[in-house]
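One file, input04.cif, carrying mmCIF, C-alpha atoms:
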data_run
loop_
_atom_site.label_atom_id
_atom_site.label_comp_id
_atom_site.auth_asym_id
_atom_site.auth_seq_id
_atom_site.Cartn_x
_atom_site.Cartn_y
_atom_site.Cartn_z
CA MET F 23 -2.44 -45.44 -1.47
CA MET F 24 -0.05 -42.48 -1.37
CA GLU F 25 -2.87 -40.15 -0.28
CA GLU F 26 -3.98 -42.52 2.49
CA SER F 27 -0.38 -42.80 3.67
CA GLY F 28 -0.10 -39.00 3.79
CA CYS F 29 -3.32 -38.72 5.84
CA LEU F 30 -2.06 -41.38 8.24
CA ALA F 31 1.22 -39.52 8.71
CA PHE F 32 -0.70 -36.32 9.46
CA SER F 33 -3.00 -38.15 11.88
CA GLU F 34 -0.05 -39.64 13.76
CA ALA F 35 1.72 -36.29 13.85
CA LEU F 36 -1.40 -34.61 15.19
CA GLN F 37 -1.75 -37.13 17.99
CA GLU F 38 1.86 -36.58 18.93
CA LEU F 39 1.41 -32.83 18.79
CA VAL F 40 -1.50 -32.71 21.25
CA ASP F 41 0.13 -35.23 23.61
CA GLU F 42 1.61 -33.20 26.46
CA GLN F 43 4.15 -35.94 27.19
CA THR F 44 5.88 -35.68 23.79
CA SER F 45 8.33 -33.20 22.34
CA PRO F 46 7.58 -32.42 18.67
CA SER F 47 10.20 -33.60 16.20
CA SER F 48 11.24 -32.18 12.82
CA SER F 49 9.54 -35.11 11.03
CA LEU F 50 6.30 -34.23 12.85
CA LEU F 51 6.51 -30.64 11.63
CA TYR F 52 6.97 -31.72 8.03
CA ALA F 53 3.99 -34.07 8.33
CA LEU F 54 1.81 -31.14 9.44
CA SER F 55 2.97 -28.82 6.68
CA VAL F 56 0.63 -28.01 3.75
CA PRO F 57 -2.26 -30.19 4.97
CA SER F 58 -5.09 -31.34 2.75
CA LEU F 59 -8.67 -30.18 3.31
CA ALA F 60 -9.50 -33.46 5.07
CA GLU F 61 -6.45 -33.05 7.31
CA VAL F 62 -7.45 -29.51 8.21
CA GLN F 63 -10.88 -30.76 9.24
CA LEU F 64 -9.23 -33.41 11.41
CA PHE F 65 -7.03 -30.75 12.96
CA ARG F 66 -10.09 -28.57 13.63
CA ARG F 67 -11.78 -31.41 15.52
CA GLN F 68 -8.68 -32.21 17.58
CA TRP F 69 -7.47 -28.67 18.28
CA PRO F 70 -9.68 -27.91 21.34
CA THR F 71 -8.50 -31.10 23.08
CA PRO F 72 -5.18 -30.03 24.66
CA PRO F 73 -5.18 -27.51 27.54
CA VAL F 74 -4.53 -23.85 26.80
CA GLU F 75 -0.85 -23.88 27.80
CA ARG F 76 -0.19 -26.71 25.38
CA ARG F 77 -2.06 -24.91 22.60
CA ARG F 78 0.02 -21.80 23.22
CA LYS F 79 3.24 -23.81 22.99
CA ILE F 80 2.07 -25.56 19.80
CA VAL F 81 1.22 -22.33 17.99
CA ALA F 82 4.46 -20.68 19.13
CA LEU F 83 6.39 -23.68 17.83
CA LEU F 84 4.61 -23.64 14.48
CA VAL F 85 5.22 -19.90 14.04
CA GLU F 86 8.88 -20.18 14.97
CA SER F 87 9.43 -23.21 12.75
CA ALA F 88 7.75 -21.63 9.72
CA GLU F 89 9.88 -18.49 10.09
CA ALA F 90 13.07 -20.54 10.34
CA ASN F 91 12.29 -22.95 7.48
CA PHE F 92 10.63 -21.68 4.29
CA GLU F 93 9.67 -25.24 3.33
CA LEU F 94 7.16 -25.40 6.19
CA ASP F 95 3.68 -23.98 5.60
CA PHE F 96 1.14 -24.04 8.41
CA ASN F 97 -1.14 -21.29 7.09
CA ALA F 98 -4.15 -23.61 6.84
CA LEU F 99 -3.66 -24.57 10.50
CA PHE F 100 -3.23 -20.97 11.62
CA ARG F 101 -6.61 -20.18 10.06
CA VAL F 102 -8.09 -22.68 12.50
CA THR F 103 -6.10 -21.58 15.54
CA MET F 104 -6.86 -17.88 14.95
CA GLU F 105 -10.40 -18.75 16.11
CA ASP F 106 -9.15 -20.13 19.44
CA GLU F 107 -10.84 -18.94 22.63
CA ASP F 108 -7.45 -17.90 24.04
CA ALA F 109 -6.20 -14.43 23.05
CA GLN F 110 -2.52 -15.39 23.11
CA VAL F 111 -3.20 -18.22 20.66
CA ARG F 112 -5.24 -15.96 18.38
CA ALA F 113 -2.59 -13.24 18.31
CA ALA F 114 0.24 -15.70 17.60
CA SER F 115 -1.83 -17.32 14.86
CA VAL F 116 -2.35 -13.98 13.10
CA GLU F 117 1.39 -13.33 13.29
CA GLY F 118 2.02 -16.79 11.84
CA LEU F 119 0.03 -15.82 8.74
CA TRP F 120 2.48 -13.01 7.90
CA GLU F 121 3.14 -14.34 4.37
CA ASP F 122 -0.44 -15.28 3.51
CA GLU F 123 -1.90 -12.81 0.99
CA ASP F 124 -5.19 -14.61 0.39
CA ALA F 125 -8.02 -12.08 0.21
CA ALA F 126 -10.16 -14.50 2.21
CA LEU F 127 -8.25 -13.31 5.30
CA VAL F 128 -9.37 -9.70 4.92
CA ALA F 129 -12.83 -10.10 6.48
CA PRO F 130 -11.72 -12.07 9.58
CA LEU F 131 -8.78 -9.72 10.18
CA VAL F 132 -11.03 -6.66 9.92
CA SER F 133 -13.49 -8.32 12.29
CA MET F 134 -10.67 -8.99 14.77
CA LEU F 135 -9.49 -5.39 14.58
CA ARG F 136 -12.97 -4.05 15.19
CA HIS F 137 -14.41 -6.50 17.68
CA ASP F 138 -11.82 -8.71 19.42
CA ALA F 139 -11.80 -8.16 23.17
CA ALA F 140 -8.02 -8.56 23.46
CA MET F 141 -5.74 -5.64 22.70
CA SER F 142 -2.95 -7.97 21.56
CA VAL F 143 -5.23 -9.56 18.95
CA ARG F 144 -6.49 -6.22 17.65
CA ALA F 145 -2.91 -5.00 17.35
CA ALA F 146 -1.85 -8.16 15.50
CA ALA F 147 -4.78 -7.79 13.11
CA ALA F 148 -3.96 -4.12 12.48
CA SER F 149 -0.38 -5.06 11.58
CA ALA F 150 -1.46 -7.96 9.38
CA LEU F 151 -3.75 -5.71 7.34
CA GLY F 152 -0.71 -3.71 6.24
CA ARG F 153 0.29 -6.20 3.58
CA PHE F 154 -3.22 -6.06 2.15
CA VAL F 155 -3.05 -2.25 2.01
CA LEU F 156 0.09 -2.66 -0.08
CA LEU F 157 -1.73 -5.11 -2.35
CA THR F 158 -4.50 -2.56 -2.89
CA GLU F 159 -1.91 0.03 -3.89
CA LEU F 160 -0.47 -2.48 -6.36
CA GLU F 161 -4.02 -3.06 -7.65
CA GLU F 162 -3.83 -6.73 -6.73
CA LEU F 163 -6.84 -6.70 -4.43
CA ALA F 164 -10.52 -6.13 -5.21
CA LYS F 165 -11.92 -2.67 -4.43
CA ARG F 166 -14.46 -4.08 -1.98
CA HIS F 167 -11.61 -5.48 0.12
CA ALA F 168 -9.69 -2.22 -0.17
CA GLN F 169 -12.64 -0.20 1.11
CA LEU F 170 -13.21 -2.59 4.01
CA ILE F 171 -9.56 -2.41 5.10
CA ARG F 172 -9.36 1.35 4.68
CA GLY F 173 -12.46 1.90 6.79
CA ALA F 174 -11.30 -0.36 9.61
CA LEU F 175 -7.82 1.17 9.79
CA LEU F 176 -9.14 4.73 9.71
CA GLU F 177 -11.53 3.87 12.52
CA ALA F 178 -8.64 2.52 14.59
CA THR F 179 -6.37 5.52 14.01
CA ASP F 180 -9.17 7.97 14.81
CA ASN F 181 -10.41 6.19 17.94
CA SER F 182 -8.94 8.09 20.90
CA GLU F 183 -10.28 5.44 23.27
CA GLU F 184 -8.36 2.66 21.52
CA CYS F 185 -5.09 1.43 23.07
CA VAL F 186 -1.90 3.04 21.78
CA GLU F 187 -0.54 -0.33 20.65
CA VAL F 188 -3.50 -0.90 18.35
CA ARG F 189 -3.54 2.65 17.00
CA ARG F 190 0.18 2.69 16.26
CA ARG F 191 -0.06 -0.58 14.33
CA ALA F 192 -2.99 0.83 12.36
CA VAL F 193 -0.90 3.93 11.53
CA GLU F 194 1.94 1.72 10.31
CA SER F 195 -0.40 -0.29 8.08
CA ILE F 196 -2.27 2.63 6.57
CA ALA F 197 1.05 4.30 5.71
CA TYR F 198 1.13 2.27 2.49
CA LEU F 199 -2.04 4.03 1.34
CA GLY F 200 -1.37 6.63 -1.33
CA GLU F 201 -3.89 9.20 -0.10
CA ASP F 202 -3.50 12.74 1.25
CA CYS F 203 -5.05 11.77 4.57
CA VAL F 204 -2.08 9.53 5.32
CA ARG F 205 0.21 12.56 5.74
CA GLU F 206 -2.17 13.97 8.33
CA ILE F 207 -2.35 10.65 10.18
CA ILE F 208 1.43 10.26 10.31
CA ALA F 209 1.94 13.89 11.30
CA ALA F 210 -0.59 13.55 14.14
CA ALA F 211 1.06 10.33 15.33
CA TYR F 212 4.47 12.04 15.36
CA GLN F 213 3.08 14.83 17.55
CA GLU F 214 1.70 12.48 20.20
CA PRO F 215 3.47 12.42 23.57
CA ASP F 216 3.66 8.62 23.64
CA GLU F 217 7.15 7.62 22.46
CA ALA F 218 6.02 4.29 21.02
CA MET F 219 3.55 6.12 18.80
CA ARG F 220 6.26 8.54 17.68
CA ILE F 221 8.51 5.62 16.78
CA SER F 222 5.69 4.11 14.73
CA ALA F 223 5.22 7.46 13.02
CA VAL F 224 8.87 7.45 11.88
CA PHE F 225 8.49 3.84 10.74
CA SER F 226 5.43 4.96 8.76
CA MET F 227 7.32 7.85 7.20
CA GLY F 228 9.67 5.39 5.57
CA ARG F 229 6.90 3.01 4.58
CA SER F 230 4.95 5.83 2.93
CA ALA F 231 7.85 6.55 0.52
CA ASP F 232 6.93 10.22 0.84
CA ALA F 233 9.95 12.54 0.61
CA VAL F 234 8.14 15.18 2.67
CA TRP F 235 9.40 13.37 5.78
CA SER F 236 13.08 13.44 4.80
CA SER F 237 14.31 16.08 7.27
CA ILE F 238 12.41 14.60 10.23
CA VAL F 239 13.69 11.11 9.56
CA GLN F 240 17.27 12.33 9.25
CA ASP F 241 17.01 14.36 12.47
CA GLU F 242 15.80 11.29 14.37
CA LEU F 243 19.03 9.44 13.54
CA SER F 244 20.54 11.22 16.54
CA ASN F 245 17.68 10.46 18.93
CA ALA F 246 18.73 9.20 22.38
CA ASN F 247 16.38 6.21 22.07
CA PRO F 248 17.98 3.35 20.07
CA ALA F 249 14.54 2.15 18.97
CA MET F 250 13.95 5.52 17.32
CA ARG F 251 17.42 5.57 15.74
CA TYR F 252 16.74 2.09 14.37
CA GLU F 253 13.45 3.10 12.73
CA ALA F 254 14.95 6.35 11.46
CA ALA F 255 17.81 4.43 9.81
CA ARG F 256 15.35 2.06 8.18
CA ALA F 257 13.23 4.96 6.99
CA CYS F 258 16.28 6.69 5.49
CA GLY F 259 16.92 3.56 3.47
CA GLU F 260 13.32 3.30 2.28
CA LEU F 261 13.30 6.97 1.32
CA GLU F 262 16.77 6.59 -0.28
CA LEU F 263 18.05 9.72 1.44
CA LYS F 264 21.52 10.21 0.01
CA GLU F 265 21.97 13.29 2.22
CA ALA F 266 21.76 10.97 5.25
CA ALA F 267 24.70 8.82 4.13
CA LEU F 268 27.27 10.42 6.47
CA ASP F 269 24.94 10.14 9.47
CA LEU F 270 24.27 6.50 8.64
CA ILE F 271 27.98 5.80 8.28
CA ARG F 272 28.47 7.16 11.79
CA LEU F 273 25.71 4.85 13.03
CA ILE F 274 27.73 1.84 11.90
CA ALA F 275 29.62 2.38 15.18
CA ASP F 276 26.41 2.87 17.22
CA PRO F 277 26.39 1.22 20.68
CA ASP F 278 23.19 -0.62 19.75
CA ARG F 279 23.70 -3.66 17.53
CA GLU F 280 20.32 -3.44 15.80
CA VAL F 281 20.91 0.21 14.95
CA ARG F 282 24.28 -0.69 13.41
CA PHE F 283 22.70 -3.31 11.17
CA ALA F 284 19.83 -0.99 10.19
CA ALA F 285 22.38 1.63 9.15
CA ILE F 286 24.30 -0.91 7.06
CA ALA F 287 21.12 -2.05 5.32
CA ALA F 288 20.05 1.55 4.66
CA LEU F 289 23.39 2.36 3.03
CA GLY F 290 22.79 -0.53 0.64
CA GLN F 291 19.48 1.02 -0.36
CA ILE F 292 20.85 4.55 -0.67
CA GLY F 293 23.99 3.77 -2.65
CA GLY F 294 26.62 6.23 -3.78
CA LYS F 295 30.39 6.30 -3.49
CA ARG F 296 30.55 6.99 0.26
CA ALA F 297 28.00 4.30 1.06
CA ARG F 298 29.87 1.75 -1.03
CA GLN F 299 33.20 2.55 0.59
CA ALA F 300 31.69 2.25 4.07
CA LEU F 301 30.06 -1.07 3.20
CA GLU F 302 33.28 -2.41 1.74
CA ARG F 303 35.07 -1.56 5.00
CA CYS F 304 32.36 -3.42 6.90
CA TYR F 305 32.74 -6.36 4.55
CA ARG F 306 36.41 -6.61 5.54
CA SER F 307 35.46 -6.64 9.23
CA GLU F 308 36.51 -9.50 11.48
CA ASP F 309 32.98 -9.48 12.89
CA GLU F 310 31.25 -12.18 10.85
CA ILE F 311 27.73 -10.88 11.47
CA ARG F 312 28.73 -7.37 10.40
CA ARG F 313 30.46 -8.80 7.35
CA LEU F 314 27.35 -10.76 6.35
CA ALA F 315 25.15 -7.68 6.81
CA ALA F 316 27.52 -5.68 4.61
CA GLU F 317 27.52 -8.45 2.02
CA ASP F 318 23.72 -8.31 1.79
CA ALA F 319 23.79 -4.51 1.54
CA LEU F 320 26.43 -4.58 -1.19
CA ALA F 321 24.35 -7.14 -3.08
CA GLU F 322 21.31 -4.85 -2.91
CA LEU F 323 23.42 -1.91 -4.02
CA ALA F 324 24.72 -3.90 -6.99
CA LEU F 325 21.19 -4.96 -7.91
CA ALA F 326 20.01 -1.35 -7.91
CA GLU F 327 22.91 -0.34 -10.17
CA ARG F 328 22.46 -3.25 -12.57
CA PRO F 329 19.66 -1.71 -14.70
CA LEU F 330 22.01 1.17 -15.54
CA ASN F 331 24.75 -1.26 -16.46
CA LEU F 332 22.36 -3.25 -18.63
CA LEU F 333 21.22 -0.06 -20.34
CA ALA F 334 24.82 0.85 -21.11
CA PHE F 335 25.37 -2.67 -22.41
CA ASP F 336 22.34 -2.38 -24.69
CA LEU F 337 23.57 0.96 -26.02
CA ASP F 338 26.95 -0.60 -26.78
CA LEU F 339 25.24 -3.38 -28.68
CA GLU F 340 23.18 -0.90 -30.69
CA ALA F 341 26.30 1.13 -31.54
CA GLY F 342 28.10 -2.03 -32.62
CA ALA F 343 25.17 -3.05 -34.81
CA GLU F 344 25.16 0.35 -36.49
CA GLU F 345 28.86 0.12 -37.20
CA ASN F 346 28.44 -3.33 -38.72
CA GLU F 347 25.60 -2.03 -40.88
CA GLU F 348 27.79 0.79 -42.16
CA LEU F 349 30.60 -1.64 -43.02
CA ARG F 350 28.19 -3.63 -45.16
#
Before anything else, please render the file you have as structure tokens.
Amino acid sequence: MMEESGCLAFSEALQELVDEQTSPSSSLLYALSVPSLAEVQLFRRQWPTPPVERRRKIVALLVESAEANFELDFNALFRVTMEDEDAQVRAASVEGLWEDEDAALVAPLVSMLRHDAAMSVRAAAASALGRFVLLTELEELAKRHAQLIRGALLEATDNSEECVEVRRRAVESIAYLGEDCVREIIAAAYQEPDEAMRISAVFSMGRSADAVWSSIVQDELSNANPAMRYEAARACGELELKEAALDLIRLIADPDREVRFAAIAALGQIGGKRARQALERCYRSEDEIRRLAAEDALAELALAERPLNLLAFDLDLEAGAEENEELR
């Protein structure tokens, strides 16, 4: 009876969702979360019914709600909507699957990157494949999937006729790959005249965790474009560039809010006495958002230092045990 009740709740929620006269409620969203196989099939049959504008609004709502509330899971529904005839719906659906690491997504995402007619969908697919590249580097994905992803991303980065937006997202995703060719790809992207591509190159430098990019990333902290300063600050954090600490501390007063927060987060990753002092000053700020950002950064800094503290604690225990043994 419980299962039938659950299916009924999903069915009612679905009818309400496709009805253009209704405004979806929080209870409706919970009813749609983590659907059963039968419920997904029902959703698949009903999904083409509402007009395209309604479908766009539905997917946007599901994506936004899932990002705001970790208890909501619409991944099974996004796998249906990513096949929609409308490009905006497909692209939003791919973005909604940002936490889904199921290898079953690799083939459709690769197909989208290679064959979808819409640039926005190809770009979304290129970005989504990034997390699977990371999984291959962690040896958590089968080699056949790794080869498929690698081939598709390399094709996209090498295709001069492809749109910049797609190529830059492919560069960002392949940056996780621990191969020599990645340096060449990032270097070429950084030399391109298109500023968006150059920004993606700096983003990729941080993602690659390759110290060879240290001086470039640090130099870009003073770029006139706040978007570049933001990515450079993030990259400094990912590369743990202690020599960039002073520059990052100066960016805490940057005119751009996002740059300020990126600098604070990077200092938490880099650590060191100066970084800690700067973060502690931010933590005492009257600006609540800045204070919260500093709190998160200090927590990350403390977490990074903890293994050393635990090691010292273990050594103390061993020394104490030896002393006790001698007393016996």
Mind checking which residues fall within 10 Å of region 147-153 of chain F, counting only C-alpha atoms, ignoring those fewer than 5 positions away in the same chain, and posting them as a PyMOL selection string? chain F and resi 112-113+116-123+127-128+130-136+138+141-142+158-159+171-172+174-175+178+187-199
So which residues get picked by the PyMOL selection byres ((chain F and resi 202-211) around 8) here, written as a PyMOL selection string? chain F and resi 179+190+193+196-197+199-201+212-214+219-220+222-223+226-227
Taking the file as shown, what set of residues would the PyMOL selection byres ((chain F and resi 256) around 9) give back, as a ChimeraX atom specification? /F:225,228,251-255,257-261,281,284-285,287-288
With a distance cut-off of 12 Å and all atoms listed in the file, select the neighbouring residues of Glu262 (chain F), excluding the residue or stretch itself and same-chain residues fewer than 4 positions from it, and output the selection as a PDB file with C-alpha atoms, in the coordinates of the input.
ATOM      1  CA  GLY F 228       9.670   5.390   5.570  1.00  0.00           C
ATOM      2  CA  ARG F 229       6.900   3.010   4.580  1.00  0.00           C
ATOM      3  CA  ALA F 231       7.850   6.550   0.520  1.00  0.00           C
ATOM      4  CA  ASP F 232       6.930  10.220   0.840  1.00  0.00           C
ATOM      5  CA  ALA F 233       9.950  12.540   0.610  1.00  0.00           C
ATOM      6  CA  TRP F 235       9.400  13.370   5.780  1.00  0.00           C
ATOM      7  CA  SER F 236      13.080  13.440   4.800  1.00  0.00           C
ATOM      8  CA  VAL F 239      13.690  11.110   9.560  1.00  0.00           C
ATOM      9  CA  GLN F 240      17.270  12.330   9.250  1.00  0.00           C
ATOM     10  CA  ALA F 254      14.950   6.350  11.460  1.00  0.00           C
ATOM     11  CA  ALA F 255      17.810   4.430   9.810  1.00  0.00           C
ATOM     12  CA  ARG F 256      15.350   2.060   8.180  1.00  0.00           C
ATOM     13  CA  ALA F 257      13.230   4.960   6.990  1.00  0.00           C
ATOM     14  CA  CYS F 258      16.280   6.690   5.490  1.00  0.00           C
ATOM     15  CA  ALA F 266      21.760  10.970   5.250  1.00  0.00           C
ATOM     16  CA  ALA F 267      24.700   8.820   4.130  1.00  0.00           C
ATOM     17  CA  LEU F 270      24.270   6.500   8.640  1.00  0.00           C
ATOM     18  CA  ALA F 287      21.120  -2.050   5.320  1.00  0.00           C
ATOM     19  CA  ALA F 288      20.050   1.550   4.660  1.00  0.00           C
ATOM     20  CA  LEU F 289      23.390   2.360   3.030  1.00  0.00           C
ATOM     21  CA  GLY F 290      22.790  -0.530   0.640  1.00  0.00           C
ATOM     22  CA  GLN F 291      19.480   1.020  -0.360  1.00  0.00           C
ATOM     23  CA  ILE F 292      20.850   4.550  -0.670  1.00  0.00           C
ATOM     24  CA  GLY F 293      23.990   3.770  -2.650  1.00  0.00           C
ATOM     25  CA  GLY F 294      26.620   6.230  -3.780  1.00  0.00           C
ATOM     26  CA  ALA F 297      28.000   4.300   1.060  1.00  0.00           C
ATOM     27  CA  LEU F 323      23.420  -1.910  -4.020  1.00  0.00           C
ATOM     28  CA  ALA F 326      20.010  -1.350  -7.910  1.00  0.00           C
TER      29      ALA F 326
END
Identify, on the basis of only C-alpha atoms, every residue whose closest approach to Leu64 (chain F) does not exceed 9 Å; exclude the query and any residue fewer than 4 positions from it along the same chain; express the result as an NGL selection string. :F and (33 or 36 or 59-60 or 68-69)
Report as a short mmCIF file (atom, residue, chain, number, x, y, z; two decimals) with C-alpha atoms, in the frame of the given file the full result of the PyMOL selection byres ((chain F and resi 103) around 8) when it is applied to this structure.
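Contents of part_25.cif, freshly written:
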data_model
loop_
_atom_site.label_atom_id
_atom_site.label_comp_id
_atom_site.auth_asym_id
_atom_site.auth_seq_id
_atom_site.Cartn_x
_atom_site.Cartn_y
_atom_site.Cartn_z
CA TRP F 69 -7.47 -28.67 18.28
CA VAL F 81 1.22 -22.33 17.99
CA LEU F 99 -3.66 -24.57 10.50
CA PHE F 100 -3.23 -20.97 11.62
CA ARG F 101 -6.61 -20.18 10.06
CA VAL F 102 -8.09 -22.68 12.50
CA MET F 104 -6.86 -17.88 14.95
CA GLU F 105 -10.40 -18.75 16.11
CA ASP F 106 -9.15 -20.13 19.44
CA VAL F 111 -3.20 -18.22 20.66
CA ARG F 112 -5.24 -15.96 18.38
CA SER F 115 -1.83 -17.32 14.86
#
Axis-aligned box over every listed atom of region 268-286 of chain F, padded by 6 Å per side: centre and edges in Å to one decimal, as JSON?
{"center_x": 24.7, "center_y": 3.4, "center_z": 13.6, "size_x": 21.8, "size_y": 26.1, "size_z": 26.2}
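Comparing F:Asp278, F:Glu265, F:Glu310, F:Glu34 by their smallest distance to Ala249 (chain F), the closest is F:Asp278 (using all atoms listed in the file).
Counting from CA of Ser48 (chain F), the distance to CA of Asn91 (chain F) is 10.7 Å.
Distance annotation: of F:Lys295, F:Ala146, F:Glu86, F:Ile286, the residue with the minimal separation from Leu314 (chain F) is F:Ile286; atom set is only C-alpha atoms.
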Identify, on the basis of all atoms listed in the file, every residue whose closest approach to Ser55 (chain F) does not exceed 10 Å; exclude the query and any residue fewer than 3 positions from it along the same chain; express the result as a count of residues only. 14
CA of Val155 (chain F) to CA of Val143 (chain F): how many Å, to one decimal? 18.6 Å
Between CA of Cys304 (chain F) and CA of Asp276 (chain F), what is the distance, to one decimal in Å? 13.5 Å
